[in-house]
>>> print(open('final-v1.pdb').read())   # PDB, C-alpha atoms
ATOM      1  CA  MET A 676       0.000   0.000   0.000
ATOM      2  CA  GLY A 677       1.312   3.465  -0.898
ATOM      3  CA  SER A 678       1.302   6.426   1.454
ATOM      4  CA  ALA A 679      -1.986   8.288   1.810
ATOM      5  CA  VAL A 680      -2.352  11.904   0.684
ATOM      6  CA  LEU A 681      -3.146  13.932   3.795
ATOM      7  CA  PRO A 682      -3.458  17.654   4.628
ATOM      8  CA  SER A 683      -0.157  18.920   6.053
ATOM      9  CA  GLU A 684       0.013  21.736   8.571
ATOM     10  CA  GLU A 685       3.814  21.374   8.580
ATOM     11  CA  ILE A 686       4.055  22.163   4.867
ATOM     12  CA  ARG A 687       1.501  24.942   5.246
ATOM     13  CA  ALA A 688       3.659  26.475   7.988
ATOM     14  CA  ALA A 689       6.819  26.086   5.874
ATOM     15  CA  TYR A 690       5.107  27.856   2.959
ATOM     16  CA  LEU A 691       4.133  30.747   5.231
ATOM     17  CA  ARG A 692       7.647  30.991   6.720
ATOM     18  CA  LEU A 693       9.185  31.139   3.257
ATOM     19  CA  SER A 694       6.745  33.825   2.114
ATOM     20  CA  ARG A 695       7.395  35.936   5.204
ATOM     21  CA  ALA A 696      11.159  35.445   4.972
ATOM     22  CA  PHE A 697      11.151  36.698   1.383
ATOM     23  CA  GLU A 698       9.086  39.743   2.382
ATOM     24  CA  THR A 699      11.462  40.621   5.248
ATOM     25  CA  ARG A 700      14.608  39.853   3.199
ATOM     26  CA  ASP A 701      15.646  37.181   5.714
ATOM     27  CA  ARG A 702      18.195  35.451   3.472
ATOM     28  CA  PRO A 703      19.292  32.724   5.943
ATOM     29  CA  ALA A 704      15.676  31.715   6.497
ATOM     30  CA  VAL A 705      14.992  31.589   2.746
ATOM     31  CA  GLU A 706      18.103  29.497   2.123
ATOM     32  CA  ASP A 707      17.101  27.089   4.878
ATOM     33  CA  LEU A 708      13.709  26.477   3.257
ATOM     34  CA  ILE A 709      14.891  25.871  -0.324
ATOM     35  CA  SER A 710      16.727  22.806  -1.576
ATOM     36  CA  PHE A 711      20.161  23.315  -3.146
ATOM     37  CA  ASP A 712      20.255  19.824  -4.638
ATOM     38  CA  ALA A 713      20.697  19.285  -8.379
ATOM     39  CA  TYR A 714      17.011  18.518  -8.895
ATOM     40  CA  VAL A 715      15.733  21.873  -7.599
ATOM     41  CA  THR A 716      13.841  23.914 -10.200
ATOM     42  CA  GLY A 717      11.931  27.168 -10.170
ATOM     43  CA  ILE A 718       9.667  29.034 -12.579
ATOM     44  CA  GLY A 719       8.970  32.714 -12.021
ATOM     45  CA  SER A 720       6.350  35.095 -13.356
ATOM     46  CA  ASP A 721       8.746  36.568 -15.948
ATOM     47  CA  PRO A 722       9.328  34.501 -19.151
ATOM     48  CA  GLN A 723      13.094  34.528 -18.453
ATOM     49  CA  GLU A 724      12.745  33.164 -14.925
ATOM     50  CA  TRP A 725      13.379  29.449 -15.330
ATOM     51  CA  TRP A 726      15.954  28.141 -12.867
ATOM     52  CA  HIS A 727      17.711  24.775 -12.433
ATOM     53  CA  GLY A 728      20.023  23.561  -9.701
ATOM     54  CA  PRO A 729      22.020  25.484  -7.098
ATOM     55  CA  ASP A 730      23.138  28.175  -9.583
ATOM     56  CA  GLY A 731      19.528  28.854 -10.431
ATOM     57  CA  VAL A 732      18.639  29.188  -6.756
ATOM     58  CA  ALA A 733      21.487  31.697  -6.365
ATOM     59  CA  ALA A 734      20.021  33.776  -9.208
ATOM     60  CA  TYR A 735      16.589  33.589  -7.572
ATOM     61  CA  LEU A 736      18.016  34.700  -4.217
ATOM     62  CA  ALA A 737      19.442  37.805  -5.914
ATOM     63  CA  HIS A 738      15.836  39.061  -5.974
ATOM     64  CA  LEU A 739      16.105  39.619  -2.231
ATOM     65  CA  ASP A 740      18.394  42.571  -3.001
ATOM     66  CA  GLU A 741      16.785  43.653  -6.275
ATOM     67  CA  LEU A 742      13.085  43.829  -5.448
ATOM     68  CA  PRO A 743      11.726  47.190  -4.249
ATOM     69  CA  PRO A 744      10.266  47.136  -0.728
ATOM     70  CA  PHE A 745       6.833  45.537  -0.540
ATOM     71  CA  ARG A 746       4.254  44.255   1.872
ATOM     72  CA  GLN A 747       1.968  41.314   1.297
ATOM     73  CA  GLU A 748      -1.293  39.862   2.489
ATOM     74  CA  ILE A 749      -1.396  36.088   2.167
ATOM     75  CA  ASP A 750      -4.836  34.676   1.457
ATOM     76  CA  LEU A 751      -5.042  32.030   4.169
ATOM     77  CA  ALA A 752      -8.459  30.847   2.972
ATOM     78  CA  ASP A 753      -6.934  29.740  -0.324
ATOM     79  CA  LEU A 754      -3.725  28.255   1.093
ATOM     80  CA  VAL A 755      -3.781  24.450   0.901
ATOM     81  CA  ALA A 756      -1.006  21.947   1.619
ATOM     82  CA  TYR A 757      -0.776  18.161   1.386
ATOM     83  CA  ALA A 758       1.838  15.493   2.028
ATOM     84  CA  CYS A 759       2.325  11.989   0.678
ATOM     85  CA  GLY A 760       5.187  10.294   2.492
ATOM     86  CA  ASP A 761       8.379  12.364   2.105
ATOM     87  CA  THR A 762       6.870  14.560  -0.619
ATOM     88  CA  GLY A 763       4.248  17.289  -0.455
ATOM     89  CA  TRP A 764       2.968  20.454  -2.046
ATOM     90  CA  ALA A 765       1.355  23.765  -1.194
ATOM     91  CA  VAL A 766      -0.689  26.202  -3.258
ATOM     92  CA  GLY A 767      -1.470  29.769  -2.247
ATOM     93  CA  ARG A 768      -1.700  33.356  -3.323
ATOM     94  CA  ALA A 769      -0.847  36.751  -1.886
ATOM     95  CA  HIS A 770      -1.625  40.359  -2.725
ATOM     96  CA  LEU A 771       1.633  42.323  -2.991
ATOM     97  CA  TRP A 772       1.910  46.104  -2.643
ATOM     98  CA  PHE A 773       5.223  47.706  -3.664
ATOM     99  CA  ASP A 774       6.498  51.066  -2.502
ATOM    100  CA  ASN A 775       6.731  52.171  -6.138
ATOM    101  CA  GLY A 776       2.920  51.984  -6.402
ATOM    102  CA  THR A 777       2.675  48.624  -8.179
ATOM    103  CA  ASP A 778       0.426  45.923  -6.796
ATOM    104  CA  PHE A 779      -0.721  42.525  -8.034
ATOM    105  CA  VAL A 780      -1.836  39.083  -6.872
ATOM    106  CA  LEU A 781       0.897  36.431  -6.985
ATOM    107  CA  ARG A 782      -0.099  32.743  -7.177
ATOM    108  CA  THR A 783       2.503  30.252  -5.980
ATOM    109  CA  THR A 784       2.845  26.470  -6.092
ATOM    110  CA  GLY A 785       5.607  24.770  -4.107
ATOM    111  CA  VAL A 786       6.652  21.102  -4.190
ATOM    112  CA  PHE A 787       8.296  20.087  -0.902
ATOM    113  CA  VAL A 788      10.640  17.226  -0.025
ATOM    114  CA  ILE A 789      12.149  16.221   3.285
ATOM    115  CA  GLU A 790      15.876  17.021   3.350
ATOM    116  CA  ARG A 791      18.087  16.868   6.416
ATOM    117  CA  GLY A 792      15.095  16.410   8.672
ATOM    118  CA  HIS A 793      12.668  19.062   7.503
ATOM    119  CA  TRP A 794      10.593  20.244   4.553
ATOM    120  CA  ARG A 795      12.351  22.167   1.789
ATOM    121  CA  VAL A 796      11.109  23.435  -1.580
ATOM    122  CA  ALA A 797      12.350  21.337  -4.501
ATOM    123  CA  HIS A 798      10.248  23.089  -7.117
ATOM    124  CA  TRP A 799       8.286  26.334  -7.154
ATOM    125  CA  HIS A 800       6.173  28.149  -9.721
ATOM    126  CA  ASN A 801       5.048  31.779  -9.405
ATOM    127  CA  SER A 802       2.491  33.350 -11.702
ATOM    128  CA  ILE A 803       0.578  36.596 -12.073
ATOM    129  CA  GLY A 804      -2.936  35.870 -13.285
ATOM    130  CA  ILE A 805      -3.975  36.995 -16.754
ATOM    131  CA  ARG A 806      -7.591  36.765 -17.848
ATOM    132  CA  ASN A 807      -8.316  33.947 -20.288
ATOM    133  CA  GLU A 808      -9.752  36.531 -22.687
ATOM    134  CA  ASP A 809      -6.368  38.297 -22.785
ATOM    135  CA  ALA A 810      -4.223  35.159 -22.864
ATOM    136  CA  ILE A 811      -6.092  32.884 -25.300
ATOM    137  CA  GLY A 812      -8.874  35.079 -26.648
ATOM    138  CA  VAL A 813     -11.750  33.145 -25.078
ATOM    139  CA  SER A 814     -13.649  33.141 -21.795
ATOM    140  CA  LEU A 815     -13.870  29.836 -19.929
ATOM    141  CA  THR A 816     -17.049  28.905 -18.076
ATOM    142  CA  THR A 817     -17.681  29.901 -14.450
ATOM    143  CA  ASN A 818     -20.586  28.907 -12.185
ATOM    144  CA  ILE A 819     -22.082  32.336 -12.791
ATOM    145  CA  GLN A 820     -22.004  31.764 -16.544
ATOM    146  CA  ARG A 821     -23.519  28.279 -16.154
ATOM    147  CA  THR A 822     -26.393  29.858 -14.210
ATOM    148  CA  GLU A 823     -26.746  32.640 -16.781
ATOM    149  CA  ARG A 824     -26.910  30.188 -19.692
ATOM    150  CA  ALA A 825     -29.505  28.054 -17.934
ATOM    151  CA  VAL A 826     -31.655  31.132 -17.302
ATOM    152  CA  ARG A 827     -31.339  32.369 -20.873
ATOM    153  CA  ALA A 828     -32.335  28.950 -22.185
ATOM    154  CA  ALA A 829     -35.357  28.548 -19.871
ATOM    155  CA  ARG A 830     -36.443  32.217 -19.876
ATOM    156  CA  PRO A 831     -38.291  31.954 -16.544
ATOM    157  CA  ASP A 832     -40.985  34.498 -15.738
ATOM    158  CA  VAL A 833     -39.483  37.134 -13.399
ATOM    159  CA  GLU A 834     -42.260  39.691 -13.870
ATOM    160  CA  THR A 835     -43.746  38.696 -10.506
ATOM    161  CA  ALA A 836     -40.586  40.105  -8.886
ATOM    162  CA  ALA A 837     -40.693  43.356 -10.876
ATOM    163  CA  ALA A 838     -41.556  46.841  -9.689
ATOM    164  CA  PRO A 839     -44.891  48.395 -10.799
ATOM    165  CA  ASP A 840     -43.101  50.005 -13.760
ATOM    166  CA  GLY A 841     -41.924  46.572 -14.932
ATOM    167  CA  THR A 842     -38.255  46.938 -13.977
ATOM    168  CA  VAL A 843     -36.312  44.347 -12.025
ATOM    169  CA  THR A 844     -32.854  44.361 -10.458
ATOM    170  CA  LEU A 845     -30.906  41.169 -11.024
ATOM    171  CA  MET A 846     -28.280  39.706  -8.728
ATOM    172  CA  PHE A 847     -25.781  37.034  -9.736
ATOM    173  CA  SER A 848     -23.490  35.521  -7.119
ATOM    174  CA  ASP A 849     -21.107  32.642  -6.540
ATOM    175  CA  ILE A 850     -18.475  31.534  -4.039
ATOM    176  CA  GLU A 851     -14.947  32.643  -4.859
ATOM    177  CA  SER A 852     -12.432  29.771  -5.172
ATOM    178  CA  SER A 853     -15.041  27.110  -4.408
ATOM    179  CA  THR A 854     -12.831  24.378  -5.899
ATOM    180  CA  VAL A 855     -10.093  25.272  -3.407
ATOM    181  CA  LEU A 856     -12.593  25.028  -0.556
ATOM    182  CA  LEU A 857     -13.726  21.641  -1.863
ATOM    183  CA  ASP A 858     -10.090  20.540  -1.898
ATOM    184  CA  ARG A 859      -9.571  21.605   1.710
ATOM    185  CA  LEU A 860     -12.843  20.333   3.145
ATOM    186  CA  GLY A 861     -13.557  17.169   1.187
ATOM    187  CA  ASP A 862     -16.893  16.220  -0.346
ATOM    188  CA  THR A 863     -18.947  15.745   2.811
ATOM    189  CA  GLU A 864     -17.857  18.877   4.643
ATOM    190  CA  PHE A 865     -18.048  20.949   1.465
ATOM    191  CA  MET A 866     -21.691  19.916   1.052
ATOM    192  CA  GLY A 867     -22.235  21.224   4.573
ATOM    193  CA  LEU A 868     -20.656  24.531   3.562
ATOM    194  CA  LEU A 869     -22.902  24.747   0.500
ATOM    195  CA  GLY A 870     -25.971  24.124   2.653
ATOM    196  CA  TRP A 871     -24.878  26.866   5.058
ATOM    197  CA  HIS A 872     -24.233  29.285   2.164
ATOM    198  CA  ASP A 873     -27.512  28.328   0.467
ATOM    199  CA  ALA A 874     -29.546  29.023   3.624
ATOM    200  CA  ILE A 875     -27.922  32.446   4.112
ATOM    201  CA  VAL A 876     -28.563  33.497   0.507
ATOM    202  CA  ARG A 877     -32.160  32.243   0.412
ATOM    203  CA  ASP A 878     -33.050  33.746   3.812
ATOM    204  CA  ALA A 879     -31.595  37.114   2.825
ATOM    205  CA  ALA A 880     -33.472  37.023  -0.489
ATOM    206  CA  ARG A 881     -36.752  36.200   1.229
ATOM    207  CA  GLU A 882     -36.298  39.039   3.747
ATOM    208  CA  HIS A 883     -35.680  41.541   0.940
ATOM    209  CA  ARG A 884     -38.437  40.515  -1.497
ATOM    210  CA  GLY A 885     -36.022  38.633  -3.702
ATOM    211  CA  TYR A 886     -37.157  35.862  -6.033
ATOM    212  CA  VAL A 887     -34.597  33.077  -6.548
ATOM    213  CA  VAL A 888     -34.767  32.584 -10.300
ATOM    214  CA  LYS A 889     -32.056  29.923 -10.527
ATOM    215  CA  SER A 890     -29.484  28.235  -8.311
ATOM    216  CA  GLN A 891     -26.820  25.978  -9.731
ATOM    217  CA  GLY A 892     -24.077  24.650  -7.470
ATOM    218  CA  ASP A 893     -22.928  27.701  -5.540
ATOM    219  CA  GLY A 894     -24.223  30.116  -8.213
ATOM    220  CA  PHE A 895     -27.442  32.114  -7.776
ATOM    221  CA  MET A 896     -29.590  34.442  -9.862
ATOM    222  CA  ILE A 897     -32.089  36.450  -7.811
ATOM    223  CA  ALA A 898     -34.586  39.101  -8.998
ATOM    224  CA  PHE A 899     -35.648  42.103  -6.883
ATOM    225  CA  PRO A 900     -38.290  44.817  -7.361
ATOM    226  CA  SER A 901     -35.746  47.571  -6.681
ATOM    227  CA  ALA A 902     -32.033  48.300  -6.541
ATOM    228  CA  ALA A 903     -32.389  49.182  -2.855
ATOM    229  CA  PHE A 904     -33.740  45.729  -1.981
ATOM    230  CA  ALA A 905     -30.970  44.060  -3.974
ATOM    231  CA  LEU A 906     -28.216  46.122  -2.355
ATOM    232  CA  ARG A 907     -29.562  45.533   1.151
ATOM    233  CA  CYS A 908     -29.785  41.816   0.444
ATOM    234  CA  GLY A 909     -26.223  41.731  -0.914
ATOM    235  CA  SER A 910     -24.942  43.532   2.166
ATOM    236  CA  VAL A 911     -26.647  41.056   4.490
ATOM    237  CA  ILE A 912     -25.232  38.106   2.557
ATOM    238  CA  GLN A 913     -21.690  39.505   2.719
ATOM    239  CA  GLN A 914     -21.982  40.312   6.431
ATOM    240  CA  GLN A 915     -23.295  36.886   7.396
ATOM    241  CA  LEU A 916     -20.811  34.967   5.267
ATOM    242  CA  ALA A 917     -17.985  37.052   6.743
ATOM    243  CA  THR A 918     -18.457  35.183  10.040
ATOM    244  CA  GLY A 919     -16.935  32.146   8.308
ATOM    245  CA  TYR A 920     -17.825  28.492   8.125
ATOM    246  CA  HIS A 921     -16.335  26.692  11.129
ATOM    247  CA  GLY A 922     -13.609  29.339  11.213
ATOM    248  CA  MET A 923     -12.958  29.223   7.445
ATOM    249  CA  ARG A 924     -13.466  32.450   5.529
ATOM    250  CA  VAL A 925     -15.982  32.220   2.680
ATOM    251  CA  ARG A 926     -16.271  35.036   0.166
ATOM    252  CA  VAL A 927     -18.835  35.520  -2.585
ATOM    253  CA  ARG A 928     -18.807  37.664  -5.690
ATOM    254  CA  ILE A 929     -22.009  39.644  -6.295
ATOM    255  CA  GLY A 930     -22.996  41.585  -9.406
ATOM    256  CA  LEU A 931     -26.103  43.751  -9.903
ATOM    257  CA  HIS A 932     -27.824  45.209 -12.967
ATOM    258  CA  ALA A 933     -31.370  46.384 -13.699
ATOM    259  CA  GLY A 934     -33.711  46.208 -16.685
ATOM    260  CA  GLU A 935     -37.295  45.770 -17.829
ATOM    261  CA  ALA A 936     -38.549  42.272 -16.968
ATOM    262  CA  LEU A 937     -40.194  40.974 -20.132
ATOM    263  CA  ARG A 938     -40.260  37.188 -20.283
ATOM    264  CA  HIS A 939     -40.179  36.944 -24.047
ATOM    265  CA  SER A 940     -37.902  39.901 -24.684
ATOM    266  CA  ASP A 941     -34.667  39.157 -26.521
ATOM    267  CA  ASP A 942     -33.324  42.408 -25.118
ATOM    268  CA  PHE A 943     -33.891  41.306 -21.515
ATOM    269  CA  TYR A 944     -32.479  37.771 -21.838
ATOM    270  CA  GLY A 945     -29.924  38.713 -24.438
ATOM    271  CA  ARG A 946     -28.545  41.787 -22.697
ATOM    272  CA  THR A 947     -29.840  42.573 -19.182
ATOM    273  CA  VAL A 948     -29.217  39.083 -17.834
ATOM    274  CA  VAL A 949     -25.836  38.872 -19.566
ATOM    275  CA  ILE A 950     -24.681  42.224 -18.177
ATOM    276  CA  ALA A 951     -25.605  41.219 -14.616
ATOM    277  CA  ALA A 952     -23.731  37.914 -14.964
ATOM    278  CA  ARG A 953     -20.646  39.523 -16.522
ATOM    279  CA  ILE A 954     -20.502  42.104 -13.730
ATOM    280  CA  ALA A 955     -20.593  39.331 -11.113
ATOM    281  CA  ASP A 956     -17.733  37.592 -12.944
ATOM    282  CA  LEU A 957     -15.638  40.754 -12.542
ATOM    283  CA  ALA A 958     -16.468  41.263  -8.850
ATOM    284  CA  LEU A 959     -13.835  40.466  -6.262
ATOM    285  CA  GLY A 960     -14.453  38.056  -3.412
ATOM    286  CA  GLY A 961     -16.478  39.832  -0.738
ATOM    287  CA  GLU A 962     -17.480  42.614  -3.145
ATOM    288  CA  ILE A 963     -20.811  43.865  -4.462
ATOM    289  CA  LEU A 964     -20.206  45.321  -7.922
ATOM    290  CA  VAL A 965     -23.025  47.234  -9.648
ATOM    291  CA  SER A 966     -23.753  48.715 -13.056
ATOM    292  CA  GLU A 967     -23.978  52.449 -13.655
ATOM    293  CA  LEU A 968     -27.767  52.148 -13.823
ATOM    294  CA  VAL A 969     -28.004  50.508 -10.398
ATOM    295  CA  HIS A 970     -25.603  53.126  -9.056
ATOM    296  CA  GLU A 971     -27.874  55.914 -10.364
ATOM    297  CA  LEU A 972     -30.999  54.271  -8.956
ATOM    298  CA  ALA A 973     -29.486  53.833  -5.487
ATOM    299  CA  ARG A 974     -27.278  56.915  -5.193
ATOM    300  CA  GLY A 975     -30.149  59.253  -4.436
ATOM    301  CA  LEU A 976     -31.398  57.154  -1.523
ATOM    302  CA  GLY A 977     -28.541  58.251   0.720
ATOM    303  CA  THR A 978     -28.186  54.878   2.464
ATOM    304  CA  PHE A 979     -25.579  53.313   0.187
ATOM    305  CA  ARG A 980     -21.922  54.204  -0.302
ATOM    306  CA  PHE A 981     -19.992  53.495  -3.481
ATOM    307  CA  GLY A 982     -16.287  53.358  -4.232
ATOM    308  CA  GLU A 983     -14.517  54.823  -7.236
ATOM    309  CA  PRO A 984     -15.853  53.426 -10.526
ATOM    310  CA  ARG A 985     -13.780  51.217 -12.769
ATOM    311  CA  THR A 986     -14.194  50.840 -16.503
ATOM    312  CA  ALA A 987     -14.523  47.373 -17.999
ATOM    313  CA  HIS A 988     -15.340  45.568 -21.229
ATOM    314  CA  LEU A 989     -17.955  42.838 -20.866
ATOM    315  CA  LYS A 990     -17.588  39.776 -23.068
ATOM    316  CA  GLY A 991     -19.999  39.728 -25.995
ATOM    317  CA  LEU A 992     -21.116  43.326 -25.471
ATOM    318  CA  GLU A 993     -19.932  46.432 -27.243
ATOM    319  CA  GLY A 994     -18.523  49.488 -25.533
ATOM    320  CA  GLU A 995     -17.181  50.183 -22.068
ATOM    321  CA  PHE A 996     -19.130  49.861 -18.836
ATOM    322  CA  ARG A 997     -18.651  51.875 -15.649
ATOM    323  CA  LEU A 998     -18.931  49.606 -12.630
ATOM    324  CA  TYR A 999     -19.152  50.715  -8.999
ATOM    325  CA  PRO A1000     -18.153  48.726  -5.894
ATOM    326  CA  ALA A1001     -20.860  49.094  -3.256
ATOM    327  CA  ASN A1002     -19.769  49.287   0.360
ATOM    328  CA  GLU A1003     -21.877  47.887   3.166
ATOM    329  CA  SER A1004     -25.071  49.812   3.747
ATOM    330  CA  PRO A1005     -25.441  51.493   7.172
ATOM    331  CA  ASP A1006     -28.967  50.039   7.260
ATOM    332  CA  THR A1007     -29.338  46.501   5.975
ATOM    333  CA  SER A1008     -32.624  45.729   7.686
ATOM    334  CA  PRO A1009     -35.625  44.964   5.465
ATOM    335  CA  PRO A1010     -37.622  48.144   4.674
TER     336      PRO A1010
END
>>> encode(input="final-v1.pdb", output="structure tokens")
Amino acid sequence: MGSAVLPSEEIRAAYLRLSRAFETRDRPAVEDLISFDAYVTGIGSDPQEWWHGPDGVAAYLAHLDELPPFRQEIDLADLVAYACGDTGWAVGRAHLWFDNGTDFVLRTTGVFVIERGHWRVAHWHNSIGIRNEDAIGVSLTTNIQRTERAVRAARPDVETAAAPDGTVTLMFSDIESSTVLLDRLGDTEFMGLLGWHDAIVRDAAREHRGYVVKSQGDGFMIAFPSAAFALRCGSVIQQQLATGYHGMRVRVRIGLHAGEALRHSDDFYGRTVVIAARIADLALGGEILVSELVHELARGLGTFRFGEPRTAHLKGLEGEFRLYPANESPDTSPP
């Protein structure tokens, strides 16, 4: 029988020590956590960063002197580590802020081996994420897009959730990095997390006059009679999920857009629904991102705060769209 693959807190701790040592320029600590054997390899985020053996490690360590000062925030919710006998691996990501004003999210994979009594990195790979649309010219499917396609195919009647003037505000949401959570929790516990998430979303929708149009996996589409109801519901969802599932942080992406709810309208199912889904795809974990129309509808109410807009292109739609991150409402109770 081979060794079982098991979660490894030791490798997780080694990954964190190496990340912190690189941030603080602690060269002895970095050297102690990286193998110098002939098999060691590393791949960096730059096309020229491809290192082999001890000489390659020496070139990599030169970055300790060359990088401008930076601080980082490691995403502990996405950090996973496993071991199988004397070999293991860790996957994580961190947001880096440099003193020169640059910032980005760095994703790192490390393969660990036991050398001289403790875990050392034998292979690492750093990458800076590029959207699939930019890298290969196509968009790959997300849970939000699966939900959107199912809704567009079925064209359910959402007019019952519309305002008297026939308009409806649509919310799309899904759990950020759900596959990572599945990896960490396993099938049974992950199903418990989904049930917990599902109850929070459905309860919040019910309290704010939301109609759950479609749910697929961890993706939801919900219709509301007003932007205010949708924003209050989104705020409640984010607040309640922020408490975590058994101590594990869970973040959802939420996107909002509004339009006229006509069941047989090509414009509604061909544009309004698509815009709402695309906005959710661009939202960050823990963020409520809204269209310019929703921003205009809610801005005059005085109970919602919005961050600086960002301009984006939405796949399949012409032109640029101004999107606004919505901060938590001071009053998230049902009107």
>>> closest_residue(input="final-v1.pdb", among="A:Phe865, A:Trp772, A:Ala952, A:Leu998", to="Leu964 of chain A", atoms="only C-alpha atoms")
A:Leu998
>>> resolve_selection(input="final-v1.pdb", expression="the PyMOL selection byres ((chain A and resi 894) around 10)", output="JSON, numbers by chain")
{"A": [817, 818, 819, 820, 821, 822, 823, 847, 848, 849, 850, 873, 889, 890, 891, 892, 893, 895, 896, 927, 928, 929]}
>>> write_last_selection(input="final-v1.pdb", atoms="C-alpha atoms", output="PDB file, keeping the file's coordinate frame")
ATOM      1  CA  THR A 817     -17.681  29.901 -14.450  1.00  0.00           C
ATOM      2  CA  ASN A 818     -20.586  28.907 -12.185  1.00  0.00           C
ATOM      3  CA  ILE A 819     -22.082  32.336 -12.791  1.00  0.00           C
ATOM      4  CA  GLN A 820     -22.004  31.764 -16.544  1.00  0.00           C
ATOM      5  CA  ARG A 821     -23.519  28.279 -16.154  1.00  0.00           C
ATOM      6  CA  THR A 822     -26.393  29.858 -14.210  1.00  0.00           C
ATOM      7  CA  GLU A 823     -26.746  32.640 -16.781  1.00  0.00           C
ATOM      8  CA  PHE A 847     -25.781  37.034  -9.736  1.00  0.00           C
ATOM      9  CA  SER A 848     -23.490  35.521  -7.119  1.00  0.00           C
ATOM     10  CA  ASP A 849     -21.107  32.642  -6.540  1.00  0.00           C
ATOM     11  CA  ILE A 850     -18.475  31.534  -4.039  1.00  0.00           C
ATOM     12  CA  ASP A 873     -27.512  28.328   0.467  1.00  0.00           C
ATOM     13  CA  LYS A 889     -32.056  29.923 -10.527  1.00  0.00           C
ATOM     14  CA  SER A 890     -29.484  28.235  -8.311  1.00  0.00           C
ATOM     15  CA  GLN A 891     -26.820  25.978  -9.731  1.00  0.00           C
ATOM     16  CA  GLY A 892     -24.077  24.650  -7.470  1.00  0.00           C
ATOM     17  CA  ASP A 893     -22.928  27.701  -5.540  1.00  0.00           C
ATOM     18  CA  PHE A 895     -27.442  32.114  -7.776  1.00  0.00           C
ATOM     19  CA  MET A 896     -29.590  34.442  -9.862  1.00  0.00           C
ATOM     20  CA  VAL A 927     -18.835  35.520  -2.585  1.00  0.00           C
ATOM     21  CA  ARG A 928     -18.807  37.664  -5.690  1.00  0.00           C
ATOM     22  CA  ILE A 929     -22.009  39.644  -6.295  1.00  0.00           C
TER      23      ILE A 929
END
>>> residues_around(input="final-v1.pdb", residues="Pro1000 of chain A", least_positions_apart="2", cutoff="12 Å", atoms="all atoms listed in the file", output="PyMOL selection string")
chain A and resi 906+909-910+928-931+954-955+957-967+969-970+979-986+997-998+1002-1004
>>> atom_distance(input="final-v1.pdb", atom1="atom CA of Asp832 of chain A", atom2="atom CA of Ala933 of chain A")
15.4 Å
>>> resolve_selection(input="final-v1.pdb", expression="the PyMOL selection byres ((chain A and resi 835-837) around 12)", output="tab-separated table (two decimals) with C-alpha atoms, in the frame of the given file")
chain	number	residue	atom	x	y	z
A	831	PRO	CA	-38.29	31.95	-16.54
A	832	ASP	CA	-40.98	34.50	-15.74
A	833	VAL	CA	-39.48	37.13	-13.40
A	834	GLU	CA	-42.26	39.69	-13.87
A	838	ALA	CA	-41.56	46.84	-9.69
A	839	PRO	CA	-44.89	48.40	-10.80
A	840	ASP	CA	-43.10	50.00	-13.76
A	841	GLY	CA	-41.92	46.57	-14.93
A	842	THR	CA	-38.26	46.94	-13.98
A	843	VAL	CA	-36.31	44.35	-12.02
A	844	THR	CA	-32.85	44.36	-10.46
A	845	LEU	CA	-30.91	41.17	-11.02
A	880	ALA	CA	-33.47	37.02	-0.49
A	881	ARG	CA	-36.75	36.20	1.23
A	883	HIS	CA	-35.68	41.54	0.94
A	884	ARG	CA	-38.44	40.52	-1.50
A	885	GLY	CA	-36.02	38.63	-3.70
A	886	TYR	CA	-37.16	35.86	-6.03
A	887	VAL	CA	-34.60	33.08	-6.55
A	888	VAL	CA	-34.77	32.58	-10.30
A	897	ILE	CA	-32.09	36.45	-7.81
A	898	ALA	CA	-34.59	39.10	-9.00
A	899	PHE	CA	-35.65	42.10	-6.88
A	900	PRO	CA	-38.29	44.82	-7.36
A	901	SER	CA	-35.75	47.57	-6.68
A	902	ALA	CA	-32.03	48.30	-6.54
A	904	PHE	CA	-33.74	45.73	-1.98
A	905	ALA	CA	-30.97	44.06	-3.97
A	933	ALA	CA	-31.37	46.38	-13.70
A	934	GLY	CA	-33.71	46.21	-16.68
A	935	GLU	CA	-37.30	45.77	-17.83
A	936	ALA	CA	-38.55	42.27	-16.97
A	937	LEU	CA	-40.19	40.97	-20.13
A	938	ARG	CA	-40.26	37.19	-20.28
>>> atom_distance(input="final-v1.pdb", atom1="atom CA of Gln913 of chain A", atom2="atom CA of Tyr944 of chain A")
26.9 Å
>>> closest_residue(input="final-v1.pdb", among="A:Tyr690, A:His932, A:Ile875, A:Asp721", to="Val911 of chain A", atoms="all atoms listed in the file")
A:Ile875
>>> atom_distance(input="final-v1.pdb", atom1="atom CA of Lys990 of chain A", atom2="atom CA of Glu851 of chain A")
19.7 Å
>>> closest_residue(input="final-v1.pdb", among="A:Val925, A:Ile686, A:Ala917, A:Leu736", to="Leu869 of chain A", atoms="only C-alpha atoms")
A:Val925
>>> closest_residue(input="final-v1.pdb", among="A:Ile718, A:Ile912, A:Val796, A:Ile950", to="Arg692 of chain A", atoms="only C-alpha atoms")
A:Val796
>>> closest_residue(input="final-v1.pdb", among="A:Leu976, A:Ala769, A:Ala704, A:Ala679", to="Ala903 of chain A", atoms="only C-alpha atoms")
A:Leu976
>>> resolve_selection(input="final-v1.pdb", expression="the PyMOL selection byres ((chain A and resi 780-795) around 8)", output="MDAnalysis selection string")
chainID A and resid 685:686 689:690 707:710 761:771 778:779 796:804
>>> closest_residue(input="final-v1.pdb", among="A:Arg907, A:Arg695, A:Arg746, A:Arg702", to="Thr978 of chain A", atoms="only C-alpha atoms")
A:Arg907
>>> residues_near_point(input="final-v1.pdb", point="(-6.6, 28.6, 4.7)", cutoff="9 Å", atoms="only C-alpha atoms", output="list in words")
Arg687, Asp750, Leu751, Ala752, Asp753, Leu754, Val755, Gly767, Leu856, Arg859, Met923 and Arg924 of chain A
>>> residues_around(input="final-v1.pdb", residues="Pro743 of chain A", least_positions_apart="6", cutoff="9 Å", atoms="all atoms listed in the file", output="list in words")
Phe773, Asp774 and Asn775 of chain A
